[in-house]
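With compact mmCIF, C-alpha atoms and all ligand atoms inside, this is input-v4.txt:
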```txt
# COMPACT_ATOMS: atom_id res chain seq x y z
CA MET A 299 82.95 64.60 128.51
CA GLY A 300 79.61 63.17 129.76
CA ARG A 301 77.23 66.02 129.23
CA SER A 302 73.60 66.52 130.13
CA ILE A 303 71.30 69.54 130.27
CA LYS A 304 69.48 69.63 133.60
CA ARG A 305 69.21 73.39 134.07
CA ALA A 306 69.09 76.07 131.39
CA ALA A 307 68.88 79.85 131.34
CA ILE A 308 67.25 81.89 128.64
CA ILE A 309 68.30 85.54 128.46
CA GLY A 310 65.58 87.63 126.84
CA SER A 311 61.93 86.86 127.51
CA GLY A 312 60.30 88.23 124.37
CA ILE A 313 58.52 86.26 121.66
CA MET A 314 61.33 83.76 121.14
CA GLY A 315 62.84 83.68 124.65
CA SER A 316 59.52 82.78 126.25
CA GLY A 317 58.77 80.24 123.50
CA ILE A 318 62.15 78.52 123.89
CA ALA A 319 61.87 78.54 127.70
CA ALA A 320 58.46 76.89 127.38
CA HIS A 321 59.81 74.30 124.94
CA LEU A 322 62.64 73.38 127.32
CA ALA A 323 60.20 73.15 130.25
CA ASN A 324 57.91 70.98 128.10
CA VAL A 325 60.70 68.39 127.86
CA GLY A 326 61.36 68.57 131.61
CA ILE A 327 64.30 70.99 131.85
CA ALA A 328 64.22 73.48 134.74
CA THR A 329 64.54 76.84 133.02
CA LEU A 330 65.39 80.29 134.30
CA MET A 331 64.19 83.12 132.07
CA LEU A 332 65.99 86.43 132.59
CA ASP A 333 65.36 89.85 131.08
CA ILE A 334 66.06 93.44 131.90
CA ALA A 335 63.27 94.55 134.22
CA PRO A 336 61.70 97.61 132.64
CA GLU A 337 58.33 97.01 134.26
CA LYS A 338 56.88 99.83 136.30
CA LEU A 339 55.71 99.76 139.88
CA THR A 340 51.98 100.10 140.46
CA ASP A 341 50.80 103.26 142.26
CA GLU A 342 50.10 101.16 145.36
CA GLU A 343 53.64 99.74 145.40
CA LYS A 344 55.10 103.23 145.00
CA TYR A 345 52.90 104.44 147.87
CA LYS A 346 54.21 101.60 150.04
CA GLY A 347 57.78 102.68 149.19
CA LEU A 348 58.62 99.40 147.43
CA SER A 349 61.28 99.10 144.74
CA LEU A 350 61.53 96.76 141.74
CA GLN A 351 64.07 94.74 143.74
CA ASP A 352 61.62 93.97 146.56
CA LYS A 353 60.67 90.32 146.74
CA CYS A 354 56.92 90.86 146.68
CA VAL A 355 57.19 93.07 143.59
CA ARG A 356 59.40 90.52 141.86
CA ASN A 357 56.91 87.78 142.70
CA ARG A 358 54.20 89.87 141.10
CA LEU A 359 56.35 90.38 137.97
CA SER A 360 57.00 86.68 137.87
CA TYR A 361 53.30 85.92 138.30
CA ARG A 362 52.36 88.39 135.58
CA SER A 363 54.99 87.06 133.16
CA LYS A 364 53.80 83.53 133.79
CA GLN A 365 50.21 84.53 133.20
CA ALA A 366 51.28 86.17 129.94
CA LEU A 367 53.04 82.97 128.93
CA LYS A 368 49.93 80.96 129.74
CA LYS A 369 47.70 83.19 127.65
CA GLN A 370 49.79 83.08 124.47
CA LYS A 371 48.02 81.51 121.52
CA PRO A 372 48.97 79.01 120.22
CA SER A 373 50.14 78.00 123.68
CA PRO A 374 53.89 77.42 123.94
CA LEU A 375 53.23 75.14 126.92
CA THR A 376 52.04 71.56 126.94
CA SER A 377 50.82 71.67 130.58
CA ASP A 378 50.73 73.65 133.82
CA LYS A 379 53.54 71.37 135.02
CA SER A 380 55.79 72.92 132.36
CA LEU A 381 54.94 76.36 133.70
CA GLU A 382 56.13 75.29 137.16
CA LEU A 383 59.56 74.46 135.72
CA ILE A 384 60.04 78.05 134.54
CA GLU A 385 61.51 80.55 136.95
CA ILE A 386 61.48 84.21 136.03
CA GLY A 387 64.02 86.80 137.12
CA ASN A 388 65.96 89.81 135.99
CA LEU A 389 69.48 89.74 134.69
CA GLU A 390 70.90 92.27 137.10
CA ASP A 391 69.72 90.63 140.33
CA ASP A 392 69.87 86.99 139.31
CA VAL A 393 73.02 86.95 137.21
CA THR A 394 74.97 84.73 139.64
CA GLN A 395 72.51 81.91 138.93
CA LEU A 396 74.16 81.60 135.50
CA GLY A 397 76.92 79.73 137.35
CA ASP A 398 74.53 76.78 137.91
CA MET A 399 73.45 76.39 134.29
CA ASP A 400 74.39 73.61 131.87
CA TRP A 401 73.14 75.65 128.91
CA ILE A 402 72.62 79.40 128.51
CA VAL A 403 70.76 80.73 125.47
CA GLU A 404 71.02 84.38 124.45
CA VAL A 405 67.67 85.53 122.99
CA VAL A 406 67.79 89.33 123.24
CA VAL A 407 67.14 91.88 120.48
CA GLU A 408 68.80 91.39 117.08
CA ASN A 409 71.70 93.78 117.66
CA LEU A 410 75.38 92.81 117.65
CA ASP A 411 76.46 95.28 120.36
CA VAL A 412 73.71 94.22 122.77
CA LYS A 413 74.47 90.55 122.14
CA LYS A 414 78.20 91.13 122.74
CA GLN A 415 77.43 92.86 126.05
CA ILE A 416 75.27 89.92 127.13
CA LEU A 417 78.04 87.46 126.19
CA GLU A 418 80.51 89.45 128.30
CA VAL A 419 78.17 89.09 131.29
CA ILE A 420 77.68 85.37 130.59
CA ASP A 421 81.47 84.89 130.28
CA LYS A 422 81.96 86.39 133.74
CA HIS A 423 79.33 84.28 135.52
CA ARG A 424 78.96 80.92 133.74
CA LYS A 425 80.65 77.72 134.91
CA LYS A 426 83.47 76.47 132.69
CA GLY A 427 82.42 73.87 130.17
CA SER A 428 78.76 74.95 130.11
CA ILE A 429 77.24 75.35 126.66
CA VAL A 430 76.27 78.83 125.54
CA SER A 431 74.36 79.63 122.37
CA SER A 432 72.64 82.45 120.54
CA ASN A 433 69.24 82.42 118.91
CA THR A 434 70.21 85.19 116.50
CA SER A 435 68.39 85.10 113.18
CA GLY A 436 71.54 85.84 111.26
CA ILE A 437 74.17 87.98 112.99
CA SER A 438 77.70 86.53 112.73
CA ILE A 439 78.20 83.99 115.53
CA GLU A 440 81.97 84.44 115.24
CA LYS A 441 81.82 88.24 115.62
CA MET A 442 79.55 87.90 118.63
CA VAL A 443 81.99 85.76 120.63
CA SER A 444 85.32 87.06 119.22
CA SER A 445 86.37 88.96 122.37
CA CYS A 446 85.26 86.29 124.88
CA SER A 447 87.38 83.77 126.81
CA HIS A 448 88.77 80.68 125.07
CA ASP A 449 86.53 78.37 127.13
CA LEU A 450 83.43 80.26 126.07
CA LYS A 451 84.51 80.29 122.42
CA GLN A 452 84.94 76.49 122.50
CA ASN A 453 81.50 76.00 124.03
CA PHE A 454 79.61 78.55 121.93
CA LEU A 455 77.50 78.16 118.80
CA GLY A 456 74.33 79.43 117.17
CA THR A 457 71.10 77.56 117.95
CA HIS A 458 68.46 79.15 115.77
CA PHE A 459 64.92 78.13 116.72
CA PHE A 460 61.93 79.10 114.59
CA ASN A 461 58.75 80.87 115.63
CA PRO A 462 56.80 79.36 117.38
CA PRO A 463 59.42 76.99 118.89
CA ARG A 464 56.83 74.54 120.21
CA TYR A 465 55.49 73.87 116.72
CA LEU A 466 58.24 74.51 114.20
CA LYS A 467 60.61 71.61 113.81
CA LEU A 468 63.67 73.24 112.32
CA LEU A 469 66.71 74.03 114.45
CA GLU A 470 69.73 75.49 112.68
CA ILE A 471 73.01 74.99 114.52
CA ILE A 472 75.92 77.22 113.58
CA PRO A 473 79.45 76.47 114.78
CA THR A 474 82.41 78.85 114.55
CA LYS A 475 86.04 77.91 113.90
CA TRP A 476 86.45 77.73 117.70
CA THR A 477 83.47 75.49 118.52
CA ASP A 478 84.58 72.17 120.01
CA PRO A 479 83.35 69.39 117.65
CA GLU A 480 82.22 67.45 120.74
CA VAL A 481 79.95 70.37 121.71
CA LEU A 482 78.52 70.57 118.20
CA ALA A 483 77.85 66.82 118.14
CA PHE A 484 76.22 66.98 121.58
CA VAL A 485 73.91 69.86 120.62
CA ARG A 486 72.92 68.07 117.42
CA ARG A 487 72.01 64.90 119.37
CA PHE A 488 70.29 66.86 122.12
CA GLY A 489 68.31 68.92 119.58
CA GLU A 490 67.11 65.81 117.80
CA ASN A 491 66.58 63.40 120.69
CA ASP A 492 65.54 65.65 123.58
CA LEU A 493 64.02 68.68 121.88
CA GLY A 494 62.44 66.77 119.00
CA LYS A 495 63.88 69.03 116.33
CA GLY A 496 65.12 68.48 112.81
CA VAL A 497 68.65 69.79 113.13
CA VAL A 498 70.53 71.33 110.21
CA GLU A 499 74.08 72.61 110.43
CA ALA A 500 74.51 75.99 108.75
CA LYS A 501 77.53 78.11 107.85
CA ASP A 502 78.04 81.37 109.69
CA THR A 503 76.83 83.56 106.81
CA PRO A 504 74.28 86.43 107.12
CA ASN A 505 70.87 84.97 108.09
CA PHE A 506 72.19 81.38 107.71
CA ILE A 507 69.91 79.26 105.48
CA ALA A 508 66.17 79.55 106.18
CA ASN A 509 66.10 83.27 106.94
CA ARG A 510 68.25 84.12 103.95
CA ILE A 511 65.53 82.60 101.79
CA GLY A 512 62.67 83.73 104.05
CA THR A 513 63.59 87.43 104.19
CA TYR A 514 64.12 87.43 100.42
CA GLY A 515 60.71 85.85 99.78
CA LEU A 516 58.84 88.12 102.17
CA LEU A 517 60.45 91.33 100.93
CA VAL A 518 59.96 90.53 97.27
CA THR A 519 56.33 89.61 97.90
CA VAL A 520 55.63 92.74 99.96
CA LYS A 521 57.20 95.07 97.40
CA GLU A 522 55.92 93.47 94.20
CA MET A 523 52.37 92.75 95.30
CA LEU A 524 51.79 96.16 96.84
CA GLU A 525 53.25 97.81 93.73
CA ARG A 526 50.64 95.91 91.72
CA GLY A 527 47.98 97.55 93.85
CA LEU A 528 46.91 94.54 95.93
CA THR A 529 45.72 95.20 99.48
CA VAL A 530 47.22 93.55 102.57
CA GLY A 531 44.19 91.26 102.79
CA GLU A 532 44.47 90.27 99.14
CA VAL A 533 48.20 89.53 99.40
CA ASP A 534 47.58 87.41 102.48
CA SER A 535 44.80 85.58 100.75
CA VAL A 536 46.87 84.61 97.70
CA THR A 537 50.01 83.82 99.70
CA GLY A 538 48.05 82.08 102.48
CA PRO A 539 44.80 80.10 102.37
CA LEU A 540 44.59 79.97 98.59
CA ILE A 541 47.86 78.05 98.40
CA GLY A 542 47.16 75.94 101.47
CA ARG A 543 49.12 77.98 104.05
CA PRO A 544 46.29 79.33 106.23
CA LYS A 545 48.58 80.55 109.01
CA SER A 546 51.66 81.62 107.09
CA ALA A 547 50.46 84.40 104.81
CA THR A 548 52.89 87.24 104.14
CA PHE A 549 51.70 90.09 106.37
CA ARG A 550 50.43 87.76 109.11
CA THR A 551 53.92 86.25 109.27
CA LEU A 552 55.47 89.71 109.59
CA ASP A 553 53.09 90.51 112.47
CA VAL A 554 54.01 87.24 114.22
CA VAL A 555 57.76 87.73 113.75
CA GLY A 556 57.66 91.40 114.83
CA LEU A 557 58.32 94.15 112.28
CA ASP A 558 61.23 95.56 114.30
CA THR A 559 62.92 92.15 114.46
CA PHE A 560 62.22 91.49 110.78
CA ALA A 561 63.83 94.83 109.80
CA HIS A 562 66.96 93.96 111.82
CA VAL A 563 67.11 90.54 110.21
CA ALA A 564 66.69 91.92 106.67
CA ASN A 565 69.41 94.41 107.53
CA ASN A 566 71.84 91.56 108.40
CA VAL A 567 71.90 90.76 104.68
CA TYR A 568 71.39 94.32 103.39
CA GLU A 569 74.68 95.40 104.99
CA GLN A 570 76.62 92.59 103.31
CA VAL A 571 75.36 92.78 99.72
CA THR A 572 75.81 95.21 96.83
CA GLY A 573 73.99 96.37 93.70
CA ASN A 574 70.52 95.06 92.90
CA GLU A 575 70.52 92.74 95.92
CA LYS A 576 70.77 95.77 98.18
CA SER A 577 67.45 97.13 96.94
CA ILE A 578 65.84 93.71 97.55
CA PHE A 579 66.95 93.51 101.20
CA LYS A 580 66.10 97.13 102.03
CA THR A 581 63.17 97.40 104.44
CA PRO A 582 60.43 99.43 102.69
CA ASP A 583 59.94 102.97 104.02
CA PHE A 584 56.31 102.35 105.01
CA MET A 585 57.42 99.47 107.25
CA GLN A 586 60.06 101.67 108.84
CA THR A 587 57.36 104.27 109.56
CA MET A 588 55.22 101.58 111.21
CA ILE A 589 58.22 100.56 113.36
CA ASN A 590 58.89 104.20 114.34
CA ASN A 591 55.26 104.36 115.47
CA LYS A 592 55.71 101.15 117.50
CA TRP A 593 53.44 99.12 115.23
CA PHE A 594 55.56 96.02 115.78
CA GLY A 595 52.84 93.43 115.10
CA GLU A 596 51.29 91.01 117.59
CA LYS A 597 53.66 91.91 120.42
CA SER A 598 52.40 95.52 120.43
CA ALA A 599 48.85 94.48 119.50
CA GLN A 600 49.08 96.50 116.27
CA GLY A 601 50.91 95.75 113.06
CA PHE A 602 49.35 95.10 109.68
CA TYR A 603 46.47 93.70 111.72
CA LEU A 604 44.95 94.93 114.96
CA LYS A 605 45.09 92.25 117.67
CA ARG A 606 41.88 92.16 119.66
P1 LIG B 701 61.52 90.49 121.24
O1 LIG B 701 61.61 91.92 120.85
O2 LIG B 701 60.19 89.84 121.35
O3 LIG B 701 62.25 90.25 122.66
C1 LIG B 701 63.55 90.69 122.94
C2 LIG B 701 63.72 90.65 124.45
O4 LIG B 701 65.08 90.97 124.75
C3 LIG B 701 62.83 91.69 125.17
O5 LIG B 701 62.09 91.02 126.17
C4 LIG B 701 63.84 92.66 125.75
O6 LIG B 701 63.41 93.23 127.00
C5 LIG B 701 65.05 91.74 125.94
N1 LIG B 701 66.29 92.46 126.08
C6 LIG B 701 66.75 93.50 125.34
N2 LIG B 701 67.96 93.90 125.80
C7 LIG B 701 68.26 93.09 126.85
C8 LIG B 701 69.35 93.02 127.76
N3 LIG B 701 70.36 93.86 127.66
N4 LIG B 701 69.32 92.07 128.72
C9 LIG B 701 68.29 91.19 128.83
N5 LIG B 701 67.22 91.23 127.99
C10 LIG B 701 67.22 92.17 127.03
O7 LIG B 701 62.47 89.71 120.22
P2 LIG B 701 62.36 88.19 119.72
O8 LIG B 701 61.47 88.16 118.54
O9 LIG B 701 62.12 87.30 120.89
O10 LIG B 701 63.85 87.98 119.16
C11 LIG B 701 64.93 87.63 120.01
C12 LIG B 701 66.06 87.02 119.17
O11 LIG B 701 65.55 85.86 118.48
C13 LIG B 701 66.59 87.96 118.07
O12 LIG B 701 67.95 87.74 117.91
C14 LIG B 701 65.79 87.51 116.84
O13 LIG B 701 66.44 87.83 115.62
C15 LIG B 701 65.72 86.01 117.07
N6 LIG B 701 64.61 85.33 116.39
C16 LIG B 701 63.36 85.90 116.29
C17 LIG B 701 62.32 85.22 115.64
C18 LIG B 701 60.95 85.82 115.52
O14 LIG B 701 60.13 85.27 114.75
N7 LIG B 701 60.62 86.89 116.23
C19 LIG B 701 62.56 83.93 115.13
C20 LIG B 701 63.84 83.35 115.27
C21 LIG B 701 64.86 84.07 115.89
```
Take the structure I supplied and represent it as structure tokens, if you would.
Amino acid sequence: MGRSIKRAAIIGSGIMGSGIAAHLANVGIATLMLDIAPEKLTDEEKYKGLSLQDKCVRNRLSYRSKQALKKQKPSPLTSDKSLELIEIGNLEDDVTQLGDMDWIVEVVVENLDVKKQILEVIDKHRKKGSIVSSNTSGISIEKMVSSCSHDLKQNFLGTHFFNPPRYLKLLEIIPTKWTDPEVLAFVRRFGENDLGKGVVEAKDTPNFIANRIGTYGLLVTVKEMLERGLTVGEVDSVTGPLIGRPKSATFRTLDVVGLDTFAHVANNVYEQVTGNEKSIFKTPDFMQTMINNKWFGEKSAQGFYLKR
């Protein structure tokens, strides 16, 4: 089958969804980014009797989302031209557009039930033969797609990008027992040649390869160093600049990833292991308290650091 990716949809426009949409636009792919639309109307729009479905309101949402994308640092975009290739919509109103897509990427919150619901919607609206993938950090790809149609199962796999997608080279691809080998081979070639990634095939085990190691390293560092009485700043200094990783220190990384997302990802492994390993993959109580208080990190402007 002669495949090409001319149009793609990204479902979920958070940290990773917007970054992946920008990366696709950077290589010239027209990309539709869909989310649920929780945004509120302004007082003026309410006064005018407008609803979230009204075109002028949706244009404003689109404008605002695009501005937000433009302001991200480091920028996920290589140029304003890339920004023009990104269309923004909401899943409910624009779902039929999924029928035009060559590739649909699920990038919503790290929760199996939510991801399964999204796949059900995709299954209903996609065109047969289109590729569908999930950017999950480590939820079972097989479980996610198990109740979908045969055609979707054959065309589905994990495509795990790393944060930020414009800069980090690694792309893990995760097939299931149903994934058509031709689809896997295409995505590998496409990832390497068109997206400029270093592609690694991973088994469908909790958190795949890099995050299995990454969550372990971060959790052990957080627990051990704080137990030794080091401050957040001190831990970041010895795990960051002092060892030549100025931007990847422990707590800074957690703020960039999002504490809520990190806790879900650690939990992917926590639920599958026993004994001593369980205590390693348990999210510390103080982090859970931060999450309960919506201190998610950069995305909520407050995590271990305050974003100014
Ligand atoms: P995020 O919290 O920044 O964004 C999630 C987005 O999903 C939000 O915009 C939310 O409105 C949207 N959403 C939730 N339910 C939805 C629904 N039913 N329909 C449409 N949209 C919905 O999360 P993120 O960090 O972008 O993570 C997204 C996925 O990528 C997760 O599976 C995560 O594990 C994975 N991931 C995250 C990172 C990271 O560093 N944050 C890295 C690699 C992979």
Near A:Ile318, counting only C-alpha atoms, which residues have an atom at most 8 Å away, once you skip same-chain residues fewer than 5 positions from it, shown as a ChimeraX atom specification? /A:308,459,463-464
Neighbouring residues of ligand LIG 701 (chain B) are defined here as those with any atom at most 6 Å from a ligand atom, counting only C-alpha atoms and all ligand atoms; list them as number ranges by chain. A: 309-315, 333-334, 405-408, 412, 433-435, 459-461, 555-556, 559
Radius query 12 Å about (55.6, 90.0, 140.3), atoms used: all atoms listed in the file, as number ranges by chain: A: 335, 337-340, 343, 349-366, 385-388
Determine, counting all atoms listed in the file, which protein, DNA and RNA residues have an atom within 8 Å of an atom of stretch 575-584 of chain A; residues of the same chain fewer than 2 positions away are not included. Present the result as a list in words.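 Contacts, in chain order: Thr513, Tyr514, Leu517, Val518, Lys521, Ala561, Ala564, Asn565, Val567, Tyr568, Glu569, Val571, Thr572, Gly573, Gln586, Thr587 and Met588 of chain A.
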Between A:Arg606, A:Arg526, A:Lys451, A:Arg487, which is the closest to A:Lys475 once you count only C-alpha atoms?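 When distances to A:Lys475 are compared using only C-alpha atoms, the smallest one comes from A:Lys451.
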Between A:Met523, A:Ile472, A:Leu516, A:Leu383, which is the closest to A:Gly326 once you count all atoms listed in the file?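 Distance minimum relative to A:Gly326 lands on A:Leu383.
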Counting only C-alpha atoms, figure out which residue out of A:Phe594, A:Trp476, A:Trp401, A:Phe484 gets nearest to A:Phe560.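 Comparing A:Phe594, A:Trp476, A:Trp401, A:Phe484 against A:Phe560, the winner is A:Phe594.
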Taking a cut-off of 12 Å and counting all atoms listed in the file, can you build a table that, for each residue of stretch 533-590 of chain A near stretch 438-448 of chain A, reports the nearest atom pair and how far apart they are in Å (one decimal), sorted by chain then residue number, as CSV?
```
residue,atom,partner,partner_atom,distance
A:Val563,CA,A:Ser438,CA,11.6
A:Asn566,CA,A:Ser438,CA,8.9
A:Val567,CA,A:Ser438,CA,10.8
A:Gln570,CA,A:Ser438,CA,11.3
```
Taking (65.4, 70.5, 116.4) as a centre in this file's frame and 7 Å as the limit, can you find every polymer residue with an atom that close, using all atoms listed in the file, and give them as a PDB file with C-alpha atoms, keeping the file's coordinate frame?
```pdb
ATOM      1  CA  LYS A 467      60.610  71.610 113.810  1.00  0.00           C
ATOM      2  CA  LEU A 468      63.670  73.240 112.320  1.00  0.00           C
ATOM      3  CA  LEU A 469      66.710  74.030 114.450  1.00  0.00           C
ATOM      4  CA  GLY A 489      68.310  68.920 119.580  1.00  0.00           C
ATOM      5  CA  GLU A 490      67.110  65.810 117.800  1.00  0.00           C
ATOM      6  CA  LEU A 493      64.020  68.680 121.880  1.00  0.00           C
ATOM      7  CA  GLY A 494      62.440  66.770 119.000  1.00  0.00           C
ATOM      8  CA  LYS A 495      63.880  69.030 116.330  1.00  0.00           C
ATOM      9  CA  GLY A 496      65.120  68.480 112.810  1.00  0.00           C
ATOM     10  CA  VAL A 497      68.650  69.790 113.130  1.00  0.00           C
TER      11      VAL A 497
END
```
Fewer than 6 positions away in the same chain doesn't count, so skip those; otherwise give me all residues within 9 Å of A:Leu367, counting all atoms listed in the file, as a list in words. Ser316, Gly317, Ala320, Ser373, Pro374, Leu375 and Leu381 of chain A
Just to be explicit: take each residue in the selection above, keep C-alpha atoms, and write the result as a compact mmCIF listing (two decimals), in the coordinates of the input.
```txt
# COMPACT_ATOMS: atom_id res chain seq x y z
CA SER A 316 59.52 82.78 126.25
CA GLY A 317 58.77 80.24 123.50
CA ALA A 320 58.46 76.89 127.38
CA SER A 373 50.14 78.00 123.68
CA PRO A 374 53.89 77.42 123.94
CA LEU A 375 53.23 75.14 126.92
CA LEU A 381 54.94 76.36 133.70
```
d(atom CA of A:Ala307, atom CA of A:Pro504) in Å: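 These two atoms are separated by 25.7 Å.
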Find the distance between atom CA of A:Arg305 and atom CA of A:Asp398 and write it in Å to one decimal. 7.4 Å
Which residues, written as a count of residues only, have at least one atom at most 8 Å from stretch 531-536 of chain A, with all atoms listed in the file counted and residues fewer than 6 positions away on the same chain left out? 6
